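First the structure, in the form of structure tokens, and then the observations on it.
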Amino acid sequence: MSKNQLDKKSQAWSALFSEPMSDLVKRYTSSVFFDKRMWQADIAGSLAHAEMLAAQSIINTEDHASIQRGMAQITAEIESGNFEWKLDLEDVHLNIEARLTQLVGDAGKRLHTGRSRNDQVATDVRLWLRSEIDLIGDLLIDLQKSLVDVADKNVDVILPGFTHLQVAQPVSFGHHMLAYVEMFSRDAERMLEVRRRTNRLPLGAAALAGTSYPLDRERVARTLGMVDDKGNPQVCQNSLDAVSDRDFAIEFTAAATLCMVHISRMSEELILWMSQNFSFIKIADRFTTGSSIMPQKKNPDVPELARGKTGRVVGHLMGLITLMKGQPLAYNKDNQEDKEPLFDTVDTLKDTLRIFSEMIGGQLNPATGVKEGGITVNAPAMEQAALKGYATATDLADYLVKKGLPFRDAHEIVAHAVKAATSHTCDLSELPLTVLQEFNPMIEKDVYECLSLRGSLNARNTLGGTAPVQVHAQIARHRARLE
Ligand code: ARG
């Protein structure tokens, strides 16, 4: 092919083609304007491949050196914003390879020996996602630490615990915060498990069947850090599977979705707690907005948006799962559609985790070394709310059980007492002893201790319960785990 012919052809495979692609089809099929964000992974993958090709004497050391030099220049160009991304070159892989060949000639053309874009893209997505999972892991730790800090300050603050959104039993606000710490710690665990399966090498699968060159795939895996805890290289073991499945991306998005669902549940509570009818908490002004018509308003936009963005991530999960379901082996272009949902899931999750850590726990003031501007807790309002709705009714039943009554009978007696308190429009703890004794003569003065919010809290002293001693123990456990 003459130099002129080479310049004219705008695609890497073009000799066979008798007509050029229309602009519309080019735009439709190209992915460069979104997949270029994987450029670092693409270059890292190429360098590891080239190093192995040289070690196996498939390319010579001069070619290897030229590839390294070219890639260093490309890196500098991309970092400085001077790399020209071309739609005509379809995707990140072809853009970088074309520039490499422009810079270093034939050595650039030798890079693709024993490789296909199919195993290349699968490798890039895995490498890119692996580093994002690591960032997400750090953000999940930050968020958990913020929640533990708030919990620590509020172990003795009591709010009503709800079931069916009806007042159920008093709980420690610290305990309530720690419920979310549990959720986010499981999210972090899930991310680690997904990371393990993501961190496996497709390169060497080539287009779909493997390759006729004597590649050392384990060497490439080691170079790219695709190793297990013991340092053993992790290589996809079936070429057809390696190039085609995107289950790791789906798994990741499922884990991200669960994490967003946890954020969304918390958002719902923050929104409720901020409303005037609760007034349990305030979030700092910088996370709220005003209304253009109602001057008194301060709206919890950030938690509302997080709740809304959860829907978007759920949508990405559905998109990716549906993308996969009809695909025969091996690679199909459908898979190019994995990127935007995956990228947006990562961006949305990272932003949300960052903003929530700060909104809950505040921002570090470098002058004082103390975090400031997290949520403000209105302990009296919470306690006031816990006094409504007979939150200690179960405690009265438990009291009678300790006096020897079967639980079912005690339950019935307390139902009558609650009815009486309702008609007096007072709390159980406000009923005079004589009135309480009408329900059961075994009731004595010490009943008021168990009818108090604090008495109720202290009584729930089982592992995982809301008694302050238990909550303190959990805080210590989390702190040790998160350090
Ligand atoms: N841009 C493509 C993708 O994201 C790269 C792989 C293309 N392979 C191919 N045979 N067309 O999947």
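Following the order of the structure tokens, first chain is A, next is B, and so on, with residues numbered from 1 inside each chain and ligands from 1 in the order they appear.
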
List every residue of chain A that has an atom at most 10 Å from any atom of ligand 1, and for each one report the closest atom pair and its distance in Å to one decimal, counting only C-alpha atoms and all ligand atoms, with rows sorted by chain and then by increasing residue number, as JSON lines.
{"residue": "A:Thr29", "atom": "CA", "partner": "ligand 1", "partner_atom_place_in_ligand_line": "1 (N)", "distance": 8.3}
{"residue": "A:Ser30", "atom": "CA", "partner": "ligand 1", "partner_atom_place_in_ligand_line": "1 (N)", "distance": 7.1}
{"residue": "A:Ser31", "atom": "CA", "partner": "ligand 1", "partner_atom_place_in_ligand_line": "1 (N)", "distance": 5.8}
{"residue": "A:Val32", "atom": "CA", "partner": "ligand 1", "partner_atom_place_in_ligand_line": "1 (N)", "distance": 7.6}
{"residue": "A:Phe34", "atom": "CA", "partner": "ligand 1", "partner_atom_place_in_ligand_line": "4 (O)", "distance": 9.8}
{"residue": "A:Asp35", "atom": "CA", "partner": "ligand 1", "partner_atom_place_in_ligand_line": "4 (O)", "distance": 7.4}
{"residue": "A:Glu90", "atom": "CA", "partner": "ligand 1", "partner_atom_place_in_ligand_line": "1 (N)", "distance": 7.0}
{"residue": "A:Asp91", "atom": "CA", "partner": "ligand 1", "partner_atom_place_in_ligand_line": "1 (N)", "distance": 5.2}
{"residue": "A:Val92", "atom": "CA", "partner": "ligand 1", "partner_atom_place_in_ligand_line": "1 (N)", "distance": 7.4}
{"residue": "A:His93", "atom": "CA", "partner": "ligand 1", "partner_atom_place_in_ligand_line": "5 (C)", "distance": 7.3}
{"residue": "A:Leu94", "atom": "CA", "partner": "ligand 1", "partner_atom_place_in_ligand_line": "1 (N)", "distance": 8.7}
{"residue": "A:Ser116", "atom": "CA", "partner": "ligand 1", "partner_atom_place_in_ligand_line": "8 (N)", "distance": 7.4}
{"residue": "A:Arg117", "atom": "CA", "partner": "ligand 1", "partner_atom_place_in_ligand_line": "6 (C)", "distance": 4.7}
{"residue": "A:Asn118", "atom": "CA", "partner": "ligand 1", "partner_atom_place_in_ligand_line": "6 (C)", "distance": 4.8}
{"residue": "A:Asp119", "atom": "CA", "partner": "ligand 1", "partner_atom_place_in_ligand_line": "6 (C)", "distance": 7.9}
{"residue": "A:Gln120", "atom": "CA", "partner": "ligand 1", "partner_atom_place_in_ligand_line": "6 (C)", "distance": 7.4}
{"residue": "A:Val121", "atom": "CA", "partner": "ligand 1", "partner_atom_place_in_ligand_line": "5 (C)", "distance": 5.4}
{"residue": "A:Ala122", "atom": "CA", "partner": "ligand 1", "partner_atom_place_in_ligand_line": "12 (O)", "distance": 7.6}
{"residue": "A:Asp124", "atom": "CA", "partner": "ligand 1", "partner_atom_place_in_ligand_line": "4 (O)", "distance": 9.5}
{"residue": "A:Val125", "atom": "CA", "partner": "ligand 1", "partner_atom_place_in_ligand_line": "4 (O)", "distance": 8.8}
{"residue": "A:Ala207", "atom": "CA", "partner": "ligand 1", "partner_atom_place_in_ligand_line": "10 (N)", "distance": 7.4}
{"residue": "A:Leu208", "atom": "CA", "partner": "ligand 1", "partner_atom_place_in_ligand_line": "10 (N)", "distance": 9.8}
{"residue": "A:Val243", "atom": "CA", "partner": "ligand 1", "partner_atom_place_in_ligand_line": "6 (C)", "distance": 9.2}
{"residue": "A:Ser244", "atom": "CA", "partner": "ligand 1", "partner_atom_place_in_ligand_line": "12 (O)", "distance": 9.2}
{"residue": "A:Tyr331", "atom": "CA", "partner": "ligand 1", "partner_atom_place_in_ligand_line": "10 (N)", "distance": 7.1}
{"residue": "A:Asn332", "atom": "CA", "partner": "ligand 1", "partner_atom_place_in_ligand_line": "10 (N)", "distance": 7.3}
{"residue": "A:Lys333", "atom": "CA", "partner": "ligand 1", "partner_atom_place_in_ligand_line": "12 (O)", "distance": 5.6}
{"residue": "A:Asp334", "atom": "CA", "partner": "ligand 1", "partner_atom_place_in_ligand_line": "12 (O)", "distance": 7.3}
{"residue": "A:Asn335", "atom": "CA", "partner": "ligand 1", "partner_atom_place_in_ligand_line": "12 (O)", "distance": 5.1}
{"residue": "A:Gln336", "atom": "CA", "partner": "ligand 1", "partner_atom_place_in_ligand_line": "4 (O)", "distance": 3.5}
{"residue": "A:Glu337", "atom": "CA", "partner": "ligand 1", "partner_atom_place_in_ligand_line": "4 (O)", "distance": 7.1}
{"residue": "A:Asp338", "atom": "CA", "partner": "ligand 1", "partner_atom_place_in_ligand_line": "4 (O)", "distance": 7.6}
{"residue": "A:Lys339", "atom": "CA", "partner": "ligand 1", "partner_atom_place_in_ligand_line": "4 (O)", "distance": 7.2}

(request) Name the residues in contact with stretch 61-77 of chain A at a cut-off of 10 Å, using only C-alpha atoms, excluding same-chain residues fewer than 6 positions from it; report them as a ChimeraX atom specification. (result) /A:39-40,43-44,46-47,49-55,83-84,96-97,99-111

(request) From a DSSP pass on the backbone, collect the residues of stretch 185-227 of chain A flagged as alpha helix (DSSP H) and hand them back as a PyMOL selection string. (result) chain A and resi 185-198+217-223

Deliver the residues from the most recent selection as a file, using N, CA and C atoms, as a CSV table (one decimal), in the first residue's frame.
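What ended up in again.csv:
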chain,number,residue,atom,x,y,z
A,185,SER,N,-20.2,-0.8,55.4
A,185,SER,CA,-19.1,-1.7,55.6
A,185,SER,C,-19.4,-3.0,54.7
A,186,ARG,N,-20.6,-3.4,54.6
A,186,ARG,CA,-20.9,-4.5,53.6
A,186,ARG,C,-20.7,-4.0,52.2
A,187,ASP,N,-21.0,-2.8,51.9
A,187,ASP,CA,-20.8,-2.3,50.5
A,187,ASP,C,-19.3,-2.3,50.2
A,188,ALA,N,-18.5,-2.0,51.2
A,188,ALA,CA,-17.0,-2.0,51.0
A,188,ALA,C,-16.6,-3.5,50.8
A,189,GLU,N,-17.1,-4.4,51.5
A,189,GLU,CA,-16.8,-5.8,51.4
A,189,GLU,C,-17.1,-6.3,50.0
A,190,ARG,N,-18.3,-5.9,49.5
A,190,ARG,CA,-18.8,-6.3,48.2
A,190,ARG,C,-17.8,-5.7,47.1
A,191,MET,N,-17.4,-4.5,47.3
A,191,MET,CA,-16.5,-3.9,46.3
A,191,MET,C,-15.2,-4.7,46.3
A,192,LEU,N,-14.7,-5.1,47.4
A,192,LEU,CA,-13.5,-5.9,47.4
A,192,LEU,C,-13.6,-7.2,46.7
A,193,GLU,N,-14.8,-7.8,46.9
A,193,GLU,CA,-15.0,-9.1,46.2
A,193,GLU,C,-15.1,-8.9,44.6
A,194,VAL,N,-15.8,-7.8,44.3
A,194,VAL,CA,-15.9,-7.5,42.8
A,194,VAL,C,-14.5,-7.2,42.3
A,195,ARG,N,-13.7,-6.5,43.1
A,195,ARG,CA,-12.3,-6.2,42.6
A,195,ARG,C,-11.5,-7.5,42.3
A,196,ARG,N,-11.7,-8.5,43.2
A,196,ARG,CA,-11.0,-9.7,43.0
A,196,ARG,C,-11.3,-10.4,41.6
A,197,ARG,N,-12.6,-10.3,41.3
A,197,ARG,CA,-12.9,-10.9,40.0
A,197,ARG,C,-12.7,-10.0,38.8
A,198,THR,N,-12.6,-8.7,39.1
A,198,THR,CA,-12.3,-7.8,38.0
A,198,THR,C,-10.8,-7.8,37.6
A,217,ARG,N,1.3,-14.9,29.1
A,217,ARG,CA,0.2,-14.1,29.7
A,217,ARG,C,0.4,-13.8,31.2
A,218,GLU,N,1.0,-14.8,31.9
A,218,GLU,CA,1.2,-14.6,33.3
A,218,GLU,C,2.1,-13.5,33.6
A,219,ARG,N,3.1,-13.3,32.7
A,219,ARG,CA,4.0,-12.2,32.8
A,219,ARG,C,3.3,-10.9,32.7
A,220,VAL,N,2.4,-10.8,31.7
A,220,VAL,CA,1.6,-9.5,31.5
A,220,VAL,C,0.8,-9.3,32.8
A,221,ALA,N,0.2,-10.3,33.3
A,221,ALA,CA,-0.7,-10.2,34.4
A,221,ALA,C,0.1,-9.6,35.6
A,222,ARG,N,1.3,-10.2,35.8
A,222,ARG,CA,2.1,-9.7,36.9
A,222,ARG,C,2.5,-8.3,36.7
A,223,THR,N,2.9,-7.9,35.5
A,223,THR,CA,3.3,-6.5,35.2
A,223,THR,C,2.1,-5.6,35.5

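Among the candidates A:Val25, A:Pro432, A:Glu269, A:Ala397, the one nearest to A:Leu165 when counting only C-alpha atoms is A:Glu269.
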
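DSSP on the backbone gives strand (DSSP E) for these parts of stretch 163-261 of chain A: A:Thr163, A:Gln166, A:Val167, A:Ala168, A:Gln169, A:Pro170, A:Val171, A:Ser172.
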
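The residue set within 10 Å of A:Thr113, counting only C-alpha atoms and dropping same-chain residues fewer than 5 places from it, reads A:His49, A:Ala50, A:Leu53, A:Ile58, A:Ile59, A:Ala206, A:Thr211, A:Ser212, A:Tyr213, A:Leu215.
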
With N, CA and C atoms retained, export the selected residues as a compact mmCIF listing (two decimals), in the first residue's frame.
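So the final result, stored in selection-v9.txt, reads:
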# COMPACT_ATOMS: atom_id res chain seq x y z
N HIS A 49 2.10 -5.45 27.38
CA HIS A 49 2.08 -6.38 26.24
C HIS A 49 3.40 -6.30 25.48
N ALA A 50 3.86 -5.07 25.22
CA ALA A 50 5.10 -4.87 24.45
C ALA A 50 6.30 -5.45 25.21
N LEU A 53 6.19 -9.07 24.70
CA LEU A 53 6.56 -9.43 23.32
C LEU A 53 8.09 -9.42 23.16
N ILE A 58 9.42 -11.81 20.43
CA ILE A 58 8.43 -11.68 19.34
C ILE A 58 8.64 -10.33 18.64
N ILE A 59 9.06 -9.34 19.41
CA ILE A 59 9.56 -8.11 18.81
C ILE A 59 10.99 -7.91 19.34
N ALA A 206 -6.64 -12.61 22.52
CA ALA A 206 -6.69 -12.04 21.16
C ALA A 206 -8.14 -11.82 20.72
N THR A 211 -3.94 -17.01 20.44
CA THR A 211 -3.08 -16.54 19.35
C THR A 211 -1.97 -17.53 19.08
N SER A 212 -1.41 -17.42 17.88
CA SER A 212 -0.36 -18.38 17.47
C SER A 212 1.03 -17.95 17.96
N TYR A 213 1.14 -16.77 18.57
CA TYR A 213 2.45 -16.34 19.09
C TYR A 213 2.67 -16.91 20.50
N LEU A 215 2.92 -16.19 23.56
CA LEU A 215 2.74 -15.15 24.57
C LEU A 215 2.95 -15.71 25.97

(request) Find the residues near A:Leu364: any atom within 12 Å, counting only C-alpha atoms, skip ones fewer than 6 places away on the same chain, and give them as a list in words. (result) Asp142, Ser146, Ser357, Glu358, Val370, Lys371, Glu372, Gly373 and Gly374 of chain A

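Proximity to A:His316 was assessed for A:Pro295, A:Pro341, A:Pro233, A:Gly389 counting only C-alpha atoms; the smallest distance is recorded for A:Pro341.
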
(request) Figure out the distance between atom CA of A:Leu203 and atom CA of A:Asp245, please, to one decimal in Å. (result) 13.5 Å

(request) Excluding stretch 276-284 of chain A and residues on its chain fewer than 2 positions from it, collect all residues at most 8 Å away from it, counting only C-alpha atoms, and give them as a PyMOL selection string. (result) chain A and resi 270+272-274+286-288+300+359-360+373-379+381-382+385

Residues as selected, N, CA, C and O atoms, written as a compact mmCIF listing (two decimals), in the first residue's frame, can you do that?
# COMPACT_ATOMS: atom_id res chain seq x y z
N LEU A 270 -32.85 11.78 56.31
CA LEU A 270 -32.36 13.15 56.50
C LEU A 270 -33.44 14.15 56.09
O LEU A 270 -33.66 15.16 56.76
N LEU A 272 -36.73 13.68 55.98
CA LEU A 272 -37.80 13.68 56.99
C LEU A 272 -37.35 14.44 58.24
O LEU A 272 -38.09 15.27 58.77
N TRP A 273 -36.17 14.13 58.70
CA TRP A 273 -35.68 14.71 59.96
C TRP A 273 -35.51 16.22 59.85
O TRP A 273 -35.55 16.93 60.84
N MET A 274 -35.26 16.69 58.64
CA MET A 274 -35.08 18.14 58.44
C MET A 274 -36.41 18.88 58.37
O MET A 274 -36.44 20.08 58.49
N ARG A 286 -24.65 24.93 53.06
CA ARG A 286 -24.06 24.73 51.74
C ARG A 286 -24.59 23.48 51.04
O ARG A 286 -24.30 23.25 49.87
N PHE A 287 -25.34 22.66 51.75
CA PHE A 287 -25.95 21.49 51.11
C PHE A 287 -27.44 21.69 50.84
O PHE A 287 -28.15 20.75 50.52
N THR A 288 -27.90 22.92 51.03
CA THR A 288 -29.33 23.19 50.84
C THR A 288 -29.48 24.33 49.84
O THR A 288 -28.52 25.01 49.51
N PRO A 300 -33.59 20.46 51.33
CA PRO A 300 -32.49 19.47 51.40
C PRO A 300 -32.15 18.89 50.02
O PRO A 300 -32.26 17.70 49.80
N MET A 359 -21.15 16.13 54.31
CA MET A 359 -22.43 16.64 54.81
C MET A 359 -22.72 16.07 56.21
O MET A 359 -23.21 16.76 57.09
N ILE A 360 -22.36 14.81 56.42
CA ILE A 360 -22.62 14.17 57.72
C ILE A 360 -21.55 14.58 58.73
O ILE A 360 -21.85 15.04 59.83
N GLY A 373 -18.97 21.66 60.56
CA GLY A 373 -20.02 21.84 59.55
C GLY A 373 -20.73 20.56 59.14
O GLY A 373 -21.29 20.49 58.06
N GLY A 374 -20.70 19.55 59.99
CA GLY A 374 -21.49 18.35 59.72
C GLY A 374 -22.94 18.56 60.17
O GLY A 374 -23.36 19.69 60.40
N ILE A 375 -23.68 17.47 60.30
CA ILE A 375 -25.08 17.66 60.70
C ILE A 375 -25.17 18.13 62.15
O ILE A 375 -24.34 17.80 63.00
N THR A 376 -26.18 18.96 62.41
CA THR A 376 -26.45 19.44 63.76
C THR A 376 -27.63 18.65 64.30
O THR A 376 -28.67 18.53 63.64
N VAL A 377 -27.45 18.11 65.48
CA VAL A 377 -28.48 17.24 66.06
C VAL A 377 -29.31 18.03 67.09
O VAL A 377 -28.75 18.67 67.98
N ASN A 378 -30.60 17.97 66.96
CA ASN A 378 -31.50 18.63 67.91
C ASN A 378 -32.00 17.58 68.90
O ASN A 378 -33.07 16.99 68.74
N ALA A 379 -31.16 17.34 69.94
CA ALA A 379 -31.46 16.26 70.89
C ALA A 379 -32.81 16.45 71.59
O ALA A 379 -33.57 15.48 71.72
N ALA A 381 -35.56 17.82 70.55
CA ALA A 381 -36.67 17.49 69.64
C ALA A 381 -36.80 15.98 69.47
O ALA A 381 -37.90 15.42 69.43
N MET A 382 -35.65 15.31 69.37
CA MET A 382 -35.68 13.86 69.21
C MET A 382 -36.30 13.21 70.44
O MET A 382 -37.16 12.33 70.36
N ALA A 385 -39.96 13.72 70.72
CA ALA A 385 -40.70 12.84 69.80
C ALA A 385 -40.76 11.42 70.34
O ALA A 385 -41.75 10.70 70.14

(message) Using only C-alpha atoms, which protein or nucleic acid residues come within 10 Å of stretch 445-458 of chain A? Drop anything in the same chain fewer than 2 positions from it, and give the result as a PyMOL selection string.
(response) chain A and resi 156-160+169-172+383+386-387+390-396+398-400+427-434+436-437+442-443+460-462+465-470

(message) One number please: atom CA of A:Arg477 to atom CA of A:Gly137, in Å, one decimal.
(response)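 Pair atom CA of A:Arg477 / atom CA of A:Gly137 returns 18.7 Å.
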
(message) When you count only C-alpha atoms, which of these residues is closest to A:His176: A:Asp152, A:Asp138, A:Glu79, A:Glu132?
(response) A:Asp152

(message) Rounded to one decimal, what separation in Å do you get between atom CA of A:Glu182 and atom CA of A:Gly315?
(response)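 According to the coordinates, atom CA of A:Glu182 and atom CA of A:Gly315 are separated by 25.1 Å.
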